[in-house]
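Chemist: Data: coords16.txt, compact mmCIF, C-alpha atoms.
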# COMPACT_ATOMS: atom_id res chain seq x y z
CA MET A 36 110.75 76.70 102.08
CA THR A 37 110.31 80.42 101.43
CA ASP A 38 111.76 82.73 104.08
CA LEU A 39 109.86 85.83 105.06
CA PRO A 40 111.81 89.10 105.04
CA PRO A 41 113.36 90.23 108.32
CA ARG A 42 111.49 92.70 110.44
CA PRO A 43 112.77 96.28 109.92
CA GLY A 44 115.10 97.20 112.78
CA ALA A 45 115.17 100.76 114.07
CA GLU A 46 112.15 103.01 114.25
CA SER A 47 111.73 104.84 110.96
CA GLU A 48 109.13 106.50 108.78
CA GLN A 49 107.77 103.03 108.06
CA THR A 50 106.94 102.44 111.74
CA GLN A 51 105.63 105.83 112.80
CA THR A 52 102.01 104.80 112.24
CA ARG A 53 102.07 101.71 114.49
CA ARG A 54 99.42 101.25 117.16
CA THR A 55 100.37 102.49 120.60
CA TYR A 56 99.62 99.24 122.46
CA PRO A 57 102.41 96.62 122.54
CA PHE A 58 102.15 93.55 120.33
CA ARG A 59 104.37 90.85 118.93
CA PRO A 60 105.00 91.34 115.19
CA SER A 61 103.44 88.60 113.09
CA THR A 62 104.50 86.74 109.97
CA VAL A 63 101.96 87.17 107.17
CA ILE A 64 101.53 85.73 103.68
CA VAL A 65 99.30 87.70 101.30
CA VAL A 66 97.86 85.68 98.42
CA GLY A 67 97.18 87.98 95.47
CA ALA A 68 98.98 91.08 94.20
CA GLY A 69 96.06 93.18 93.06
CA LEU A 70 95.62 96.53 94.72
CA VAL A 71 93.76 95.11 97.73
CA GLY A 72 96.51 92.55 98.39
CA VAL A 73 99.38 94.96 97.83
CA ALA A 74 97.72 97.62 99.99
CA ALA A 75 97.24 95.14 102.83
CA ALA A 76 100.84 93.90 102.55
CA TRP A 77 102.23 97.45 102.50
CA TRP A 78 100.15 98.58 105.48
CA LEU A 79 101.05 95.52 107.56
CA GLN A 80 104.73 95.71 106.65
CA SER A 81 104.86 99.42 107.47
CA HIS A 82 103.61 98.56 110.96
CA GLY A 83 106.48 96.18 111.59
CA HIS A 84 105.02 92.85 110.47
CA ARG A 85 106.99 90.47 108.24
CA VAL A 86 105.07 90.09 104.98
CA LEU A 87 105.40 88.00 101.82
CA ILE A 88 103.16 88.55 98.78
CA VAL A 89 102.56 85.52 96.55
CA ASP A 90 101.02 85.95 93.11
CA PRO A 91 101.37 84.23 89.70
CA GLY A 92 102.70 87.50 88.28
CA GLY A 93 104.90 88.29 91.24
CA GLY A 94 103.30 91.72 91.52
CA SER A 95 102.53 93.58 88.29
CA GLU A 96 103.41 97.26 88.13
CA HIS A 97 102.17 98.59 84.81
CA GLY A 98 99.63 101.35 84.61
CA SER A 99 96.03 101.19 83.56
CA GLY A 100 95.32 102.03 79.97
CA SER A 101 98.51 100.48 78.68
CA GLY A 102 97.26 96.94 78.24
CA SER A 103 96.55 95.16 75.01
CA GLY A 104 93.17 93.82 76.10
CA ALA A 105 94.27 90.85 78.18
CA ASN A 106 92.27 89.99 81.30
CA LEU A 107 94.08 91.77 84.13
CA ASN A 108 92.93 91.68 87.71
CA GLY A 109 90.07 93.99 88.55
CA SER A 110 92.10 96.76 90.19
CA GLN A 111 94.57 97.09 87.30
CA ALA A 112 91.73 97.34 84.79
CA ALA A 113 89.80 99.89 86.85
CA LEU A 114 89.74 103.62 86.12
CA GLY A 115 90.47 104.51 89.73
CA VAL A 116 87.48 106.77 90.40
CA LEU A 117 87.00 107.19 94.16
CA MET A 118 83.33 107.83 94.91
CA ALA A 119 82.84 108.21 98.66
CA ARG A 120 81.23 111.52 99.58
CA VAL A 121 78.62 111.22 96.80
CA PHE A 122 77.76 107.59 97.63
CA HIS A 123 73.98 107.15 97.56
CA ARG A 124 73.78 105.80 101.13
CA SER A 125 74.62 107.75 104.27
CA ARG A 126 74.78 104.96 106.82
CA GLY A 127 75.82 101.37 107.22
CA ARG A 128 78.99 99.39 106.57
CA ALA A 129 79.39 100.40 102.92
CA TRP A 130 79.21 104.11 103.82
CA ARG A 131 81.68 103.78 106.69
CA LEU A 132 84.21 101.82 104.62
CA ARG A 133 84.09 104.41 101.83
CA GLN A 134 84.64 107.36 104.14
CA GLN A 135 87.45 105.61 106.01
CA SER A 136 89.15 104.65 102.76
CA LEU A 137 88.97 108.13 101.27
CA ASP A 138 90.58 109.56 104.42
CA LEU A 139 93.25 106.84 104.40
CA TRP A 140 94.05 107.45 100.73
CA GLU A 141 94.85 111.06 101.57
CA GLN A 142 97.11 109.93 104.41
CA TRP A 143 98.79 107.28 102.26
CA ARG A 144 99.43 109.71 99.41
CA GLN A 145 101.22 112.04 101.81
CA ILE A 146 103.32 109.19 103.26
CA LEU A 147 104.30 107.88 99.83
CA GLU A 148 105.10 111.33 98.45
CA GLY A 149 107.38 111.96 101.41
CA ARG A 150 109.26 108.76 100.61
CA GLY A 151 109.71 109.55 96.93
CA HIS A 152 106.81 107.52 95.54
CA PRO A 153 104.09 110.06 94.70
CA ILE A 154 100.68 108.93 93.47
CA PRO A 155 99.14 111.28 90.88
CA TRP A 156 95.80 112.48 92.23
CA ARG A 157 93.13 114.27 90.20
CA ARG A 158 90.82 115.93 92.67
CA GLY A 159 87.10 116.40 92.06
CA LEU A 160 84.15 114.29 90.92
CA LEU A 161 81.03 115.45 89.09
CA LEU A 162 78.06 113.07 89.18
CA LEU A 163 75.60 113.98 86.42
CA ALA A 164 71.82 113.64 86.74
CA SER A 165 70.18 112.37 83.55
CA ASP A 166 66.61 113.07 84.69
CA PRO A 167 64.69 115.10 87.30
CA ALA A 168 64.25 112.10 89.60
CA GLU A 169 67.99 111.61 89.81
CA LEU A 170 68.50 115.33 90.41
CA LYS A 171 66.00 115.14 93.28
CA ARG A 172 68.03 112.31 94.85
CA GLN A 173 71.15 114.43 94.55
CA GLN A 174 69.41 117.30 96.29
CA ALA A 175 68.54 114.93 99.14
CA LEU A 176 72.21 114.00 99.49
CA VAL A 177 73.23 117.65 99.77
CA ASN A 178 70.61 118.18 102.49
CA ASP A 179 71.53 115.01 104.40
CA PRO A 180 72.78 115.91 107.92
CA MET A 181 75.45 113.19 107.65
CA ARG A 182 77.05 115.10 104.75
CA GLN A 183 77.07 118.59 106.16
CA GLY A 184 80.53 120.09 105.93
CA MET A 185 81.59 117.75 103.13
CA GLY A 186 81.43 120.51 100.53
CA LEU A 187 78.92 118.92 98.16
CA GLN A 188 77.55 121.29 95.52
CA LEU A 189 74.59 121.05 93.17
CA TRP A 190 75.34 122.16 89.62
CA SER A 191 72.62 123.66 87.42
CA GLN A 192 72.33 123.17 83.68
CA ASP A 193 73.75 126.67 83.24
CA LYS A 194 76.79 125.67 85.27
CA LEU A 195 77.19 122.47 83.25
CA ALA A 196 77.03 124.50 80.03
CA GLU A 197 80.35 126.08 81.02
CA LEU A 198 82.19 122.77 80.68
CA SER A 199 84.66 122.57 77.82
CA PRO A 200 84.40 120.27 76.06
CA ALA A 201 80.67 119.88 76.66
CA GLY A 202 79.69 117.07 78.98
CA PRO A 203 77.03 114.42 78.31
CA ALA A 204 73.44 115.62 78.27
CA ALA A 205 72.17 116.13 81.83
CA VAL A 206 69.62 118.15 83.80
CA GLY A 207 72.07 118.94 86.60
CA GLY A 208 74.82 117.42 88.68
CA LEU A 209 76.38 116.88 92.08
CA PHE A 210 80.01 117.91 92.60
CA SER A 211 82.36 116.68 95.32
CA ASP A 212 85.74 118.33 95.77
CA ALA A 213 86.92 115.55 98.13
CA ASP A 214 86.32 112.62 95.77
CA GLY A 215 88.52 112.12 92.72
CA GLN A 216 90.63 109.73 90.67
CA LEU A 217 93.98 108.02 90.85
CA ASP A 218 95.73 105.69 88.42
CA PRO A 219 95.48 102.13 89.82
CA GLY A 220 98.60 100.93 87.99
CA LEU A 221 100.80 103.79 89.19
CA THR A 222 99.39 103.38 92.69
CA LEU A 223 100.23 99.68 92.66
CA HIS A 224 103.76 100.52 91.55
CA ALA A 225 104.20 103.14 94.30
CA LEU A 226 103.03 100.81 97.08
CA LEU A 227 105.16 97.91 95.84
CA SER A 228 108.27 100.02 95.35
CA ASP A 229 108.00 101.64 98.76
CA GLY A 230 107.28 98.33 100.45
CA ILE A 231 110.15 96.49 98.78
CA GLU A 232 112.58 99.23 99.78
CA ALA A 233 111.53 98.67 103.40
CA GLY A 234 111.77 94.87 103.31
CA LEU A 235 108.51 93.67 101.79
CA CYS A 236 109.05 90.46 99.81
CA HIS A 237 107.03 89.22 96.85
CA GLN A 238 107.29 85.92 95.03
CA SER A 239 105.94 84.64 91.75
CA GLY A 240 103.92 81.47 92.08
CA ARG A 241 100.39 80.10 91.97
CA VAL A 242 99.00 79.03 95.32
CA VAL A 243 97.49 75.54 95.04
CA ALA A 244 96.71 74.77 98.67
CA LEU A 245 96.33 76.34 102.11
CA GLU A 246 97.02 74.00 105.01
CA PRO A 247 96.83 74.69 108.78
CA ARG A 248 100.13 73.84 110.44
CA GLY A 249 101.18 74.22 114.08
CA GLY A 250 99.16 77.29 114.99
CA GLY A 251 99.85 78.91 111.63
CA TRP A 252 99.50 78.19 107.93
CA GLN A 253 101.42 76.49 105.16
CA VAL A 254 101.00 77.76 101.60
CA ARG A 255 101.83 75.32 98.81
CA LEU A 256 102.95 76.78 95.50
CA GLU A 257 103.09 75.68 91.90
CA PRO A 258 105.51 74.69 90.33
CA GLY A 259 106.85 73.83 93.79
CA GLY A 260 107.75 75.22 97.15
CA VAL A 261 106.15 75.95 100.48
CA ALA A 262 105.83 79.12 102.56
CA GLU A 263 104.78 79.29 106.20
CA ALA A 264 103.38 82.08 108.34
CA GLU A 265 101.16 82.73 111.33
CA TRP A 266 98.60 84.54 109.19
CA VAL A 267 97.40 84.22 105.60
CA LEU A 268 95.38 86.88 103.78
CA VAL A 269 93.44 85.61 100.78
CA CYS A 270 93.11 88.51 98.33
CA ALA A 271 92.90 86.47 95.13
CA GLY A 272 89.67 87.80 93.62
CA VAL A 273 87.59 85.17 91.85
CA ALA A 274 90.21 82.53 92.68
CA SER A 275 89.64 83.02 96.41
CA GLY A 276 86.64 80.69 96.55
CA ALA A 277 88.54 77.77 95.03
CA LEU A 278 91.38 78.18 97.54
CA LEU A 279 88.99 78.11 100.48
CA GLU A 280 86.68 75.31 99.33
CA PRO A 281 89.02 72.42 100.37
CA LEU A 282 88.89 73.90 103.90
CA ASP A 283 85.07 73.59 103.87
CA VAL A 284 84.78 77.36 103.63
CA LEU A 285 82.20 78.16 100.96
CA LYS A 286 82.33 81.70 99.63
CA PRO A 287 80.77 81.66 96.16
CA MET A 288 81.74 84.57 93.92
CA GLU A 289 81.13 85.33 90.26
CA PRO A 290 83.38 87.08 87.74
CA VAL A 291 82.14 90.28 86.10
CA LEU A 292 84.28 91.46 83.22
CA GLY A 293 84.77 95.14 82.54
CA GLN A 294 86.13 96.76 79.38
CA ALA A 295 87.49 100.29 79.19
CA LEU A 296 88.86 102.62 76.51
CA GLU A 297 91.55 105.23 76.20
CA LEU A 298 90.37 107.75 73.61
CA GLU A 299 91.83 110.91 72.10
CA ARG A 300 89.82 113.92 71.09
CA SER A 301 90.01 114.96 67.47
CA PRO A 302 92.16 118.04 66.74
CA ASN A 303 89.11 119.52 65.00
CA ASP A 304 87.00 119.84 68.18
CA ALA A 305 89.03 122.74 69.65
CA PRO A 306 90.52 125.93 68.19
CA GLN A 307 94.12 125.74 67.06
CA PRO A 308 96.62 126.24 68.49
CA THR A 309 95.33 125.25 71.94
CA PRO A 310 97.68 124.85 74.91
CA PRO A 311 97.19 121.38 76.47
CA GLU A 312 96.32 122.87 79.86
CA THR A 313 93.28 124.67 78.38
CA LEU A 314 91.81 121.66 76.55
CA TRP A 315 89.80 120.60 79.61
CA ASN A 316 88.11 122.83 82.18
CA TRP A 317 86.33 119.92 83.85
CA PRO A 318 86.45 119.93 87.67
CA GLY A 319 87.66 116.33 87.68
CA ALA A 320 86.25 112.99 86.59
CA VAL A 321 82.65 112.93 85.36
CA VAL A 322 80.18 110.09 85.94
CA HIS A 323 77.12 109.63 83.74
CA GLY A 324 74.78 106.67 84.12
CA GLY A 325 77.44 104.66 85.94
CA VAL A 326 80.06 105.30 83.23
CA ASN A 327 83.24 107.20 84.13
CA LEU A 328 84.82 109.82 81.89
CA VAL A 329 88.30 110.66 83.14
CA PRO A 330 90.27 113.48 81.43
CA ARG A 331 93.99 112.66 81.20
CA PRO A 332 95.64 115.94 80.15
CA ASP A 333 98.86 114.53 81.63
CA LEU A 334 99.11 112.00 78.79
CA PRO A 335 100.84 112.89 75.47
CA GLY A 336 99.06 115.63 73.52
CA GLY A 337 96.75 116.60 76.38
CA ARG A 338 93.65 115.34 74.52
CA ARG A 339 93.31 111.84 75.91
CA PHE A 340 90.68 110.53 78.30
CA TRP A 341 89.50 107.24 79.76
CA LEU A 342 86.00 105.84 79.37
CA GLY A 343 84.58 102.87 81.20
CA ALA A 344 83.73 100.41 82.22
CA THR A 345 81.29 97.82 80.95
CA LEU A 346 79.57 95.27 83.19
CA GLU A 347 79.64 91.83 81.57
CA PRO A 348 78.93 88.73 83.68
CA GLY A 349 81.48 86.01 83.00
CA LEU A 350 84.94 86.07 81.46
CA ARG A 351 84.23 86.67 77.76
CA ALA A 352 84.45 90.22 76.43
CA ASP A 353 81.87 91.39 73.91
CA PRO A 354 83.39 93.99 71.53
CA ALA A 355 79.92 95.35 70.79
CA ARG A 356 79.64 96.51 74.39
CA LEU A 357 82.40 99.04 73.76
CA GLU A 358 80.34 100.71 71.06
CA THR A 359 77.39 100.92 73.44
CA LEU A 360 79.72 102.34 76.05
CA ARG A 361 80.78 105.17 73.75
CA GLU A 362 77.16 106.12 73.07
CA LEU A 363 76.42 106.78 76.77
CA GLY A 364 72.81 105.78 76.26
CA GLY A 365 72.36 108.41 73.56
CA ALA A 366 73.84 111.21 75.71
CA ALA A 367 77.34 111.22 74.20
CA PRO A 368 78.47 114.63 72.89
CA ALA A 369 79.74 114.89 69.33
CA TRP A 370 83.40 115.22 70.33
CA LEU A 371 83.24 111.89 72.20
CA GLU A 372 81.68 110.12 69.22
CA ALA A 373 84.45 111.50 66.98
CA ALA A 374 87.31 110.58 69.37
CA HIS A 375 89.97 108.14 68.19
CA GLU A 376 90.72 104.98 70.10
CA ARG A 377 94.25 104.83 71.49
CA GLY A 378 93.92 101.70 73.60
CA ARG A 379 91.58 99.33 75.34
CA TRP A 380 91.89 97.04 78.33
CA GLN A 381 89.76 94.75 80.40
CA GLY A 382 89.74 93.09 83.78
CA VAL A 383 87.68 90.81 85.95
CA ARG A 384 85.90 92.02 89.06
CA CYS A 385 84.78 89.66 91.77
CA ARG A 386 81.17 89.86 93.02
CA PRO A 387 80.05 87.86 96.08
CA LEU A 388 76.93 85.73 95.77
CA GLY A 389 74.47 85.98 98.62
CA GLN A 390 76.56 88.45 100.64
CA PRO A 391 77.20 92.19 100.39
CA ALA A 392 80.53 93.34 99.00
CA PRO A 393 83.26 93.31 100.11
CA LEU A 394 84.02 90.10 102.02
CA LEU A 395 86.19 90.96 105.04
CA GLU A 396 86.13 87.93 107.31
CA GLN A 397 88.25 85.64 109.43
CA VAL A 398 87.17 82.32 107.89
CA ALA A 399 89.46 80.21 110.11
CA PRO A 400 91.94 81.01 112.89
CA GLY A 401 94.78 82.96 111.26
CA LEU A 402 93.08 82.97 107.83
CA LEU A 403 91.58 86.26 106.64
CA LEU A 404 89.53 86.77 103.48
CA LEU A 405 89.71 90.16 101.74
CA SER A 406 87.86 89.73 98.46
CA GLY A 407 84.64 90.35 96.57
CA HIS A 408 85.11 94.12 96.29
CA TYR A 409 83.31 94.09 92.92
CA ARG A 410 83.63 97.61 91.44
CA ASN A 411 85.27 99.22 94.47
CA GLY A 412 88.61 97.47 94.95
CA VAL A 413 90.60 100.65 94.37
CA LEU A 414 88.46 102.79 96.64
CA LEU A 415 88.19 100.24 99.47
CA ALA A 416 91.77 98.93 99.45
CA PRO A 417 92.94 101.11 102.40
CA ALA A 418 89.95 100.31 104.62
CA SER A 419 90.33 96.61 103.82
CA ALA A 420 94.03 96.77 104.68
CA ASP A 421 93.30 98.55 107.95
CA TRP A 422 90.66 95.96 108.84
CA ALA A 423 93.28 93.21 108.45
CA LEU A 424 95.82 95.18 110.48
CA ARG A 425 93.39 95.75 113.34
CA TRP A 426 92.36 92.09 113.35
CA ILE A 427 95.96 90.82 113.46
CA GLU A 428 97.15 93.34 116.03
CA GLY A 429 94.02 92.89 118.10
CA SER A 430 94.67 89.15 118.23
CA ALA A 431 98.33 89.74 119.12
CA SER A 432 97.43 92.11 121.97
CA THR A 433 95.30 89.43 123.66
CA ARG A 434 97.97 86.73 123.61
If you took the structure in this file and wrote it as C-alpha cells, what would it be?
Modeler:
Amino acid sequence: MTDLPPRPGAESEQTQTRRTYPFRPSTVIVVGAGLVGVAAAWWLQSHGHRVLIVDPGGGSEHGSGSGSGANLNGSQAALGVLMARVFHRSRGRAWRLRQQSLDLWEQWRQILEGRGHPIPWRRGLLLLASDPAELKRQQALVNDPMRQGMGLQLWSQDKLAELSPAGPAAVGGLFSDADGQLDPGLTLHALLSDGIEAGLCHQSGRVVALEPRGGGWQVRLEPGGVAEAEWVLVCAGVASGALLEPLDVLKPMEPVLGQALELERSPNDAPQPTPPETLWNWPGAVVHGGVNLVPRPDLPGGRRFWLGATLEPGLRADPARLETLRELGGAAPAWLEAAHERGRWQGVRCRPLGQPAPLLEQVAPGLLLLSGHYRNGVLLAPASADWALRWIEGSASTR
C-alpha cells in the first residue's frame, strides 16, 4: 500500500492561495506526469490537499529540445507557445479556458520565482498572415469588442521588413504582447521541484486498474502495489481511454504525433562579429501557417531556434515531414533553409473523438478526467488544474 504524503502543517506560501470557504482536505492520486498532471498535482497540493503522482517515468524533468527522438508525452515534446489573446474565437469554452490559463500562468510564474524555481518566459507572439483573407480575419480580431484593451497590434509588411533575420513571407501580421512562450520541460521541472519540497509525492509505476473502494478509489500498479485515495485524476493522455473502459466509461481518443527541430543559424547569415543579443530582433515567437518558430538566444551561441511541430495521425514518425516542415509551404527564408540541425524530438498528443478538446469531466464519483488537450496541453494546464481544484473543493464544501 502506498502512503500519501502528510498534509503540510502551518500556513505558508504554499497555502496562501486556498479558497476562503472551509473544507476538509482530500487525498488525491494523479495518474500521469505530463504537464497537465503535474500542474494539477502542484495546484491541489499547494491548497493543502495530499497528492500522489503515479507515472511510469516517475515524473520526467528534462527540457524540450534535448531528446533523441523518442516518443515523449505531448507536453514535453511541445514548443510551449501560449496562444490565448490571438485565438481565432472570442467566445465559448475554448476562449474562456485560454484566457484563464494565460492569467494563471502569470500568477504561477510569480509564485514559483518567489520560491526559487523561476520559469523562463519569452514574452510576445507574432501571428503572420500569408494572404489577404487571413489579414482581414486578423483585422476583425483587433476590432472585436471582447479584445479591447488586450494590446493587439496589426503589423504591416513594412513593419515585418524590419525583422532580423527576415521572417517567412507574409502580407502582414498580428502581434500580442501578452502571449508568449515557455519551455515545457523546464516548467515541468519547476512545478515538480517546488511541489516535492512542500510534500508532493510521486511514484514510478504503470497504472493497470482503477477500482472504486469504500467511497474512494484504489489504484493498482504494475509491477505490483496499490494506492488508495478519495479522488483520482486521470491525466494519462492517449492511455486514459484504456484505463476508463473497464469502468464502462467510453472516451475514445486518437494519438497525433508531432515532430520538432532545434536548428542553428549559419554563421554566414549575419555580419561578424555579432553579439548574441543582437542576432534576433524578433518580438517573440512567430507563427506561420500553424508552424511555430521560437528564437532561443539563451541557448549556446545565441543562434539556435525551435521549429515545429508536425501533425501526423498515429504513432509512427515520417522523417520526410521534417523536410516539409522546414520549407514552411514555400515561405521559408534562405537563412532557415541553410540552418544546421542540432536536435530533433517528437511526442504524442491526444485528440478526443466526437467531443471538443479538452476533456474535463467527472466520469464517476471521485474520478476526474483531464485529458484530450490535443495541441494545447501546455497552455491549458493551469485552467485544467483549477477546474479540478474547484470540483474537489466544491464537493468537500457540500459534505
Chemist: Do you have the atom CA of Thr345 of chain A-atom CA of Val121 of chain A distance handy?
Modeler: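 We find that atom CA of Thr345 of chain A and atom CA of Val121 of chain A lie 20.9 Å from each other.
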Chemist: Restricting the calculation to only C-alpha atoms: of A:Val383, A:Val177, A:Leu334, A:Leu395, which residue gets closest to Arg351 of chain A?
Modeler: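 Nearest to Arg351 of chain A: A:Val383.
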Chemist: What lies within 6 Å of segment 209-222 of chain A using all atoms listed in the file, ignoring chain neighbours under 3 positions off, as JSON, numbers by chain?
Modeler: {"A": [97, 98, 99, 111, 115, 116, 117, 118, 154, 156, 157, 158, 159, 160, 161, 162, 187, 188, 189, 190, 225]}
Chemist: My list of candidates is A:Pro60, A:Pro417, A:Leu114, A:Ser136. Which is closest to Val329 of chain A when distances are computed with only C-alpha atoms?
Modeler: A:Leu114
Chemist: May I have the residues within 7 Å of Pro393 of chain A as a count of residues only, using all atoms listed in the file and disregarding those fewer than 6 positions away in the same chain?
Modeler: 3
Chemist: Counting only C-alpha atoms, figure out which residue out of A:Arg241, A:His224, A:Arg126, A:Arg386 gets nearest to Glu347 of chain A.
Modeler: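 Going through A:Arg241, A:His224, A:Arg126, A:Arg386 one by one, the smallest distance to Glu347 of chain A is for A:Arg386.
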Chemist: Name all residues at most 7 Å from Ala74 of chain A (count all atoms listed in the file; drop same-chain ones fewer than 5 positions away) and give them as number ranges by chain.
Modeler: A: 226, 416-417, 420
Chemist: Just to confirm, what's the straight-line distance from atom CA of Gly412 of chain A to atom CA of Gly251 of chain A in Å (one decimal)?
Modeler: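 Between these atoms lies a distance of 27.4 Å.
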Chemist: Leaving out His375 of chain A and any residue of its chain fewer than 6 positions from it, which residues lie within 7 Å of it when counting all atoms listed in the file, given as a PyMOL selection string?
Modeler: chain A and resi 298-301
Chemist: Which protein, DNA or RNA residues have an atom at most 10 Å from (95.3, 104.2, 106.9), counting only C-alpha atoms? List them as an NGL selection string.
Modeler: :A and (52 or 74 or 78 or 135-143 or 416-422 or 424)
Chemist: Generate a file of the selected residues that holds C-alpha atoms, formatted as a PDB file, in the frame of the given file.
Modeler:
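Below is the file that was written, selection.pdb:
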ATOM      1  CA  THR A  52     102.010 104.800 112.240  1.00  0.00           C
ATOM      2  CA  ALA A  74      97.720  97.620  99.990  1.00  0.00           C
ATOM      3  CA  TRP A  78     100.150  98.580 105.480  1.00  0.00           C
ATOM      4  CA  GLN A 135      87.450 105.610 106.010  1.00  0.00           C
ATOM      5  CA  SER A 136      89.150 104.650 102.760  1.00  0.00           C
ATOM      6  CA  LEU A 137      88.970 108.130 101.270  1.00  0.00           C
ATOM      7  CA  ASP A 138      90.580 109.560 104.420  1.00  0.00           C
ATOM      8  CA  LEU A 139      93.250 106.840 104.400  1.00  0.00           C
ATOM      9  CA  TRP A 140      94.050 107.450 100.730  1.00  0.00           C
ATOM     10  CA  GLU A 141      94.850 111.060 101.570  1.00  0.00           C
ATOM     11  CA  GLN A 142      97.110 109.930 104.410  1.00  0.00           C
ATOM     12  CA  TRP A 143      98.790 107.280 102.260  1.00  0.00           C
ATOM     13  CA  ALA A 416      91.770  98.930  99.450  1.00  0.00           C
ATOM     14  CA  PRO A 417      92.940 101.110 102.400  1.00  0.00           C
ATOM     15  CA  ALA A 418      89.950 100.310 104.620  1.00  0.00           C
ATOM     16  CA  SER A 419      90.330  96.610 103.820  1.00  0.00           C
ATOM     17  CA  ALA A 420      94.030  96.770 104.680  1.00  0.00           C
ATOM     18  CA  ASP A 421      93.300  98.550 107.950  1.00  0.00           C
ATOM     19  CA  TRP A 422      90.660  95.960 108.840  1.00  0.00           C
ATOM     20  CA  LEU A 424      95.820  95.180 110.480  1.00  0.00           C
TER      21      LEU A 424
END
